[in-house]
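Novice: Mind looking over this structure? Questions follow.
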Amino acid sequence: MTFNRKDMLRMNLDGLRSQVRSVEQILVVNNACTDGTAAMIRDEFPDVTLLNLNENIGGAGGFNAGMLWAYEHGYDWVWCMDDDAIPAVGCLQELLDPAPALGDRPLILCPKIVHHDTGDLQLFHHKQITADLVDRPLAQELMQHAVVRIDANGFVGPLVNRAAIEIYGLPIREYFYQADDLEYTYRLGAHGGCYLVTGAVIFHNDKTGAVSERKLYYWRRNYTHFVRLNSHRRHFSPVQRWWVFAREALVSLYYSLALIKNYAQGYRGGFLGPVRGYVDAFFMPLDHPSSSLPTSAERPGAT
């Protein structure tokens with residue numbers, strides 16, 4: 001999935017082409033790029049399939065559309081990543097090696113995520129979710145095991161089984177971006193099927209930028225919706241729900257106040273984005289139709 005980062009995408013595609021175990025088909029979801037991405041792919045990667053969306057529907061919408069395409073074309077595994085991910089040459093082979101020993105349980109197999117520039121492990125992408133739905137990074141000591149059961153994972157190289165899509169559906173398109181990976185992989189991981197394969201390595205070429213109100217808005221909105229969704233799924237008592245929603249309200253307020261620092265540094269725009277996100281989360285339906293396999297009439301327009 002890509003949006004206006006064709007230089008990063010080129011590195012990603014080179015990494016996919018170099019796999020020891022060949023990728024059967026590479027699909028690029030072009031999220032209405034305006035930087036010549038489509039022309040670059042046609043000229044330099046003619047073997048790559050291009051799904052051109054008519055509008056930018058965010059990372060969540062892009063993964064929704066791409067996974068649906070792969071499912072409808074009959075693929076057994078769907079390897080999901082943004083344009084800033086570069087898999088090591090043996091990544092796909094390492095991911096698939098333990099699958100037979102895991103029986104019918106591995107709905108998602110995830111590679112170890114390493115920062116491209118620093119070599120640091122990004123354990124926050126490998127998630128452990130507490131009983132009251134707090135997102136925690138994977139404990140460092142668990143990395144000594146070859147395969148580790150995790151609760152959720154970022155969309156940086158998870159390999160999703162076709163059965164997962166058939167049974168549990170697609171990412172929620174309405175999330176646009178932020179926490180779409182958390183919600184989707186936790187949805188599958190809650191059924192016992194999310195594993196980290198530590199021998200498989202993928203490099204994350206992400207660049208840290210300023211924290212914006214827009215980003216915090218989507219994060220707080222989507223994360224609070226994730227909490228709402230799973231408090232219902234897990235049949236939280238009224239007291240438990242009060243606690244988690246109060247906690248999220250305080251966290252949202254904290255991030256809003258923290259944005260005042262951006263004002264001091266010349267940032268322009270409101271600082272109530274996280275609070276608005278928290279409030280808006282309660283107006284989002286718990287049952288998003290986009291998370292189910294849609295009919296043709298419900299699919300986002302593609303050319």
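Starting from 1 in every chain, residues are counted up; chains themselves are A, B, ... following the order of the structure tokens, and ligands are numbered from 1 as listed.
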Would you give me, as an NGL selection string, the residues in range 60-266 of chain A that DSSP reads as alpha helix (DSSP H)?
Specialist: :A and (60-72 or 91-96 or 162-168 or 180-189 or 213-233 or 238-258 or 260-264)
Novice: Please dump the current selection as a JSON list (two decimals), in the first residue's frame; keep C-alpha atoms.
Specialist:
```json
[["chain", "number", "residue", "atom", "x", "y", "z"],
["A", 60, "ALA", "CA", -6.90, 1.15, 6.41],
["A", 61, "GLY", "CA", -8.81, 1.50, 3.15],
["A", 62, "GLY", "CA", -5.77, 0.49, 1.12],
["A", 63, "PHE", "CA", -5.21, -2.71, 3.10],
["A", 64, "ASN", "CA", -8.93, -3.45, 2.96],
["A", 65, "ALA", "CA", -8.93, -3.15, -0.85],
["A", 66, "GLY", "CA", -5.67, -5.06, -1.33],
["A", 67, "MET", "CA", -6.61, -7.96, 0.93],
["A", 68, "LEU", "CA", -9.98, -8.24, -0.76],
["A", 69, "TRP", "CA", -8.28, -8.37, -4.17],
["A", 70, "ALA", "CA", -5.90, -11.12, -3.02],
["A", 71, "TYR", "CA", -8.73, -13.10, -1.45],
["A", 72, "GLU", "CA", -10.85, -12.92, -4.59],
["A", 91, "CYS", "CA", 12.00, -13.21, 5.36],
["A", 92, "LEU", "CA", 9.18, -15.01, 3.53],
["A", 93, "GLN", "CA", 10.87, -18.41, 3.80],
["A", 94, "GLU", "CA", 11.48, -17.94, 7.52],
["A", 95, "LEU", "CA", 7.85, -16.91, 8.05],
["A", 96, "LEU", "CA", 6.43, -19.97, 6.34],
["A", 162, "ARG", "CA", -6.75, -16.86, 3.55],
["A", 163, "ALA", "CA", -8.85, -18.60, 6.19],
["A", 164, "ALA", "CA", -8.50, -15.54, 8.43],
["A", 165, "ILE", "CA", -10.01, -13.30, 5.77],
["A", 166, "GLU", "CA", -12.76, -15.78, 5.00],
["A", 167, "ILE", "CA", -13.79, -16.20, 8.64],
["A", 168, "TYR", "CA", -12.94, -12.86, 10.26],
["A", 180, "ASP", "CA", -6.36, -0.26, 11.91],
["A", 181, "ASP", "CA", -3.59, -2.86, 12.22],
["A", 182, "LEU", "CA", -4.14, -3.14, 15.98],
["A", 183, "GLU", "CA", -7.87, -3.77, 15.61],
["A", 184, "TYR", "CA", -7.54, -6.24, 12.75],
["A", 185, "THR", "CA", -4.67, -8.36, 14.03],
["A", 186, "TYR", "CA", -6.17, -8.42, 17.54],
["A", 187, "ARG", "CA", -9.46, -9.58, 16.03],
["A", 188, "LEU", "CA", -7.58, -12.55, 14.57],
["A", 189, "GLY", "CA", -5.17, -12.99, 17.47],
["A", 213, "GLU", "CA", -3.28, 17.03, 15.73],
["A", 214, "ARG", "CA", -4.64, 15.04, 12.79],
["A", 215, "LYS", "CA", -2.57, 11.96, 13.65],
["A", 216, "LEU", "CA", -3.53, 12.13, 17.32],
["A", 217, "TYR", "CA", -7.17, 12.63, 16.38],
["A", 218, "TYR", "CA", -7.26, 9.38, 14.37],
["A", 219, "TRP", "CA", -5.21, 7.49, 16.94],
["A", 220, "ARG", "CA", -7.44, 8.44, 19.87],
["A", 221, "ARG", "CA", -10.65, 7.97, 17.88],
["A", 222, "ASN", "CA", -9.70, 4.57, 16.52],
["A", 223, "TYR", "CA", -8.07, 3.29, 19.70],
["A", 224, "THR", "CA", -11.09, 4.30, 21.78],
["A", 225, "HIS", "CA", -13.34, 2.60, 19.22],
["A", 226, "PHE", "CA", -11.12, -0.49, 19.50],
["A", 227, "VAL", "CA", -11.66, -0.42, 23.28],
["A", 228, "ARG", "CA", -15.44, -0.02, 22.83],
["A", 229, "LEU", "CA", -15.56, -2.82, 20.29],
["A", 230, "ASN", "CA", -13.66, -5.30, 22.40],
["A", 231, "SER", "CA", -15.29, -4.40, 25.71],
["A", 232, "HIS", "CA", -18.51, -5.56, 24.03],
["A", 233, "ARG", "CA", -16.91, -8.66, 22.54],
["A", 238, "PRO", "CA", -20.51, -1.76, 33.51],
["A", 239, "VAL", "CA", -17.76, -1.04, 36.05],
["A", 240, "GLN", "CA", -15.05, -2.36, 33.71],
["A", 241, "ARG", "CA", -16.39, -0.28, 30.85],
["A", 242, "TRP", "CA", -16.55, 2.84, 33.00],
["A", 243, "TRP", "CA", -12.92, 2.30, 33.96],
["A", 244, "VAL", "CA", -11.54, 1.81, 30.46],
["A", 245, "PHE", "CA", -13.53, 4.71, 28.98],
["A", 246, "ALA", "CA", -12.50, 7.03, 31.83],
["A", 247, "ARG", "CA", -8.89, 5.99, 31.30],
["A", 248, "GLU", "CA", -9.09, 6.73, 27.59],
["A", 249, "ALA", "CA", -10.70, 10.12, 28.28],
["A", 250, "LEU", "CA", -7.80, 11.09, 30.54],
["A", 251, "VAL", "CA", -5.24, 9.91, 27.99],
["A", 252, "SER", "CA", -6.99, 11.90, 25.26],
["A", 253, "LEU", "CA", -6.94, 15.01, 27.45],
["A", 254, "TYR", "CA", -3.25, 14.46, 28.18],
["A", 255, "TYR", "CA", -2.39, 14.36, 24.47],
["A", 256, "SER", "CA", -4.48, 17.46, 23.82],
["A", 257, "LEU", "CA", -2.60, 19.40, 26.50],
["A", 258, "ALA", "CA", 0.72, 18.07, 25.17],
["A", 260, "ILE", "CA", 0.35, 23.09, 23.44],
["A", 261, "LYS", "CA", 4.09, 22.48, 23.09],
["A", 262, "ASN", "CA", 3.59, 22.45, 19.34],
["A", 263, "TYR", "CA", 2.10, 25.93, 19.55],
["A", 264, "ALA", "CA", 5.25, 27.16, 21.24]]
```
Novice: Write down as a VMD selection string the residues of range 33-162 of chain A whose backbone DSSP state falls under strand (DSSP E or B).
Specialist: chain A and resid 49 to 53 77 to 81 85 to 87 108 to 115 121 126 to 129 135 to 137 147 to 149 152 to 153 156 to 161
Novice: Take the selection from the previous step and output its residues with C-alpha atoms, as a PDB file, in the first residue's frame.
Specialist:
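And here is the file that came out, result.pdb:
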```pdb
ATOM      1  CA  THR A  49       0.055  -5.639 -10.508  1.00  0.00           C
ATOM      2  CA  LEU A  50      -1.227  -2.134  -9.816  1.00  0.00           C
ATOM      3  CA  LEU A  51      -4.561  -1.440  -8.132  1.00  0.00           C
ATOM      4  CA  ASN A  52      -5.265   2.270  -8.708  1.00  0.00           C
ATOM      5  CA  LEU A  53      -7.794   3.713  -6.281  1.00  0.00           C
ATOM      6  CA  TRP A  77      -1.423 -16.126   2.078  1.00  0.00           C
ATOM      7  CA  VAL A  78      -1.491 -12.330   1.863  1.00  0.00           C
ATOM      8  CA  TRP A  79       1.704 -10.503   2.859  1.00  0.00           C
ATOM      9  CA  CYS A  80       0.766  -7.014   4.077  1.00  0.00           C
ATOM     10  CA  MET A  81       3.087  -4.033   4.321  1.00  0.00           C
ATOM     11  CA  ALA A  85       8.949  -1.919   4.733  1.00  0.00           C
ATOM     12  CA  ILE A  86      11.939  -3.782   3.264  1.00  0.00           C
ATOM     13  CA  PRO A  87      11.958  -7.541   3.897  1.00  0.00           C
ATOM     14  CA  ILE A 108      -1.135 -14.472  11.019  1.00  0.00           C
ATOM     15  CA  LEU A 109       2.651 -14.975  10.928  1.00  0.00           C
ATOM     16  CA  CYS A 110       4.659 -11.824  11.694  1.00  0.00           C
ATOM     17  CA  PRO A 111       8.347 -11.024  11.083  1.00  0.00           C
ATOM     18  CA  LYS A 112      10.626  -9.308  13.576  1.00  0.00           C
ATOM     19  CA  ILE A 113      10.602  -5.567  12.840  1.00  0.00           C
ATOM     20  CA  VAL A 114      13.955  -3.762  12.832  1.00  0.00           C
ATOM     21  CA  HIS A 115      14.478  -0.062  12.162  1.00  0.00           C
ATOM     22  CA  LEU A 121      14.086  -3.670  17.394  1.00  0.00           C
ATOM     23  CA  HIS A 126       4.581  -6.622  18.370  1.00  0.00           C
ATOM     24  CA  LYS A 127       1.770  -6.175  20.844  1.00  0.00           C
ATOM     25  CA  GLN A 128       0.565  -7.676  24.074  1.00  0.00           C
ATOM     26  CA  ILE A 129      -2.918  -6.498  25.069  1.00  0.00           C
ATOM     27  CA  ASP A 135      -1.613  -1.872  24.240  1.00  0.00           C
ATOM     28  CA  ARG A 136       1.833  -2.990  25.489  1.00  0.00           C
ATOM     29  CA  PRO A 137       5.005  -3.738  23.470  1.00  0.00           C
ATOM     30  CA  VAL A 147       7.997 -18.512  17.640  1.00  0.00           C
ATOM     31  CA  VAL A 148       6.092 -16.305  20.086  1.00  0.00           C
ATOM     32  CA  ARG A 149       2.350 -16.056  20.526  1.00  0.00           C
ATOM     33  CA  ALA A 152      -1.608  -8.137  17.774  1.00  0.00           C
ATOM     34  CA  ASN A 153       0.930  -6.723  15.333  1.00  0.00           C
ATOM     35  CA  VAL A 156       4.720  -4.158   8.837  1.00  0.00           C
ATOM     36  CA  GLY A 157       4.938  -7.524   7.131  1.00  0.00           C
ATOM     37  CA  PRO A 158       2.248  -9.737   8.713  1.00  0.00           C
ATOM     38  CA  LEU A 159       1.452 -12.763   6.576  1.00  0.00           C
ATOM     39  CA  VAL A 160      -2.306 -13.339   6.755  1.00  0.00           C
ATOM     40  CA  ASN A 161      -3.859 -16.718   6.004  1.00  0.00           C
TER      41      ASN A 161
END
```
Novice: In Å to one decimal, how far is CA of Leu138 in chain A from CA of His125 in chain A?
Specialist: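 These atoms are spaced 8.1 Å apart.
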Novice: With distances taken over only C-alpha atoms, which of A:Tyr175, A:Tyr278, A:Phe3, A:Phe203 is nearest to Thr34 in chain A?
Specialist: A:Phe3
Novice: Calculated over only C-alpha atoms, which of the candidates A:Leu102, A:Met40, A:Ala146, A:Val197 has the smallest distance to Lys6 in chain A?
Specialist: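 Comparing A:Leu102, A:Met40, A:Ala146, A:Val197 against Lys6 in chain A, the winner is A:Met40.
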Novice: Could you check which of A:Val23, A:Leu286, A:Ala99, A:Val28 is closest to Leu9 in chain A, using only C-alpha atoms?
Specialist: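 Looking at the shortest contact to Leu9 in chain A, the residue is A:Val28.
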Novice: Expressed in Å to a single decimal, how great is the separation between CA of Asn30 in chain A and CA of Asn12 in chain A?
Specialist: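 Those two atoms sit 13.9 Å apart.
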Novice: Counting only C-alpha atoms, what is within 9 Å of Leu13 in chain A, bar same-chain residues fewer than 3 positions away, as number ranges by chain?
Specialist: A: 8-10, 16-18, 26, 45, 48, 83, 86
Novice: For a test of reading the model, state the distance in Å between CA of Met1 in chain A and CA of Ser212 in chain A, rounded to one decimal.
Specialist: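 Computing it gives 21.9 Å between the two atoms.
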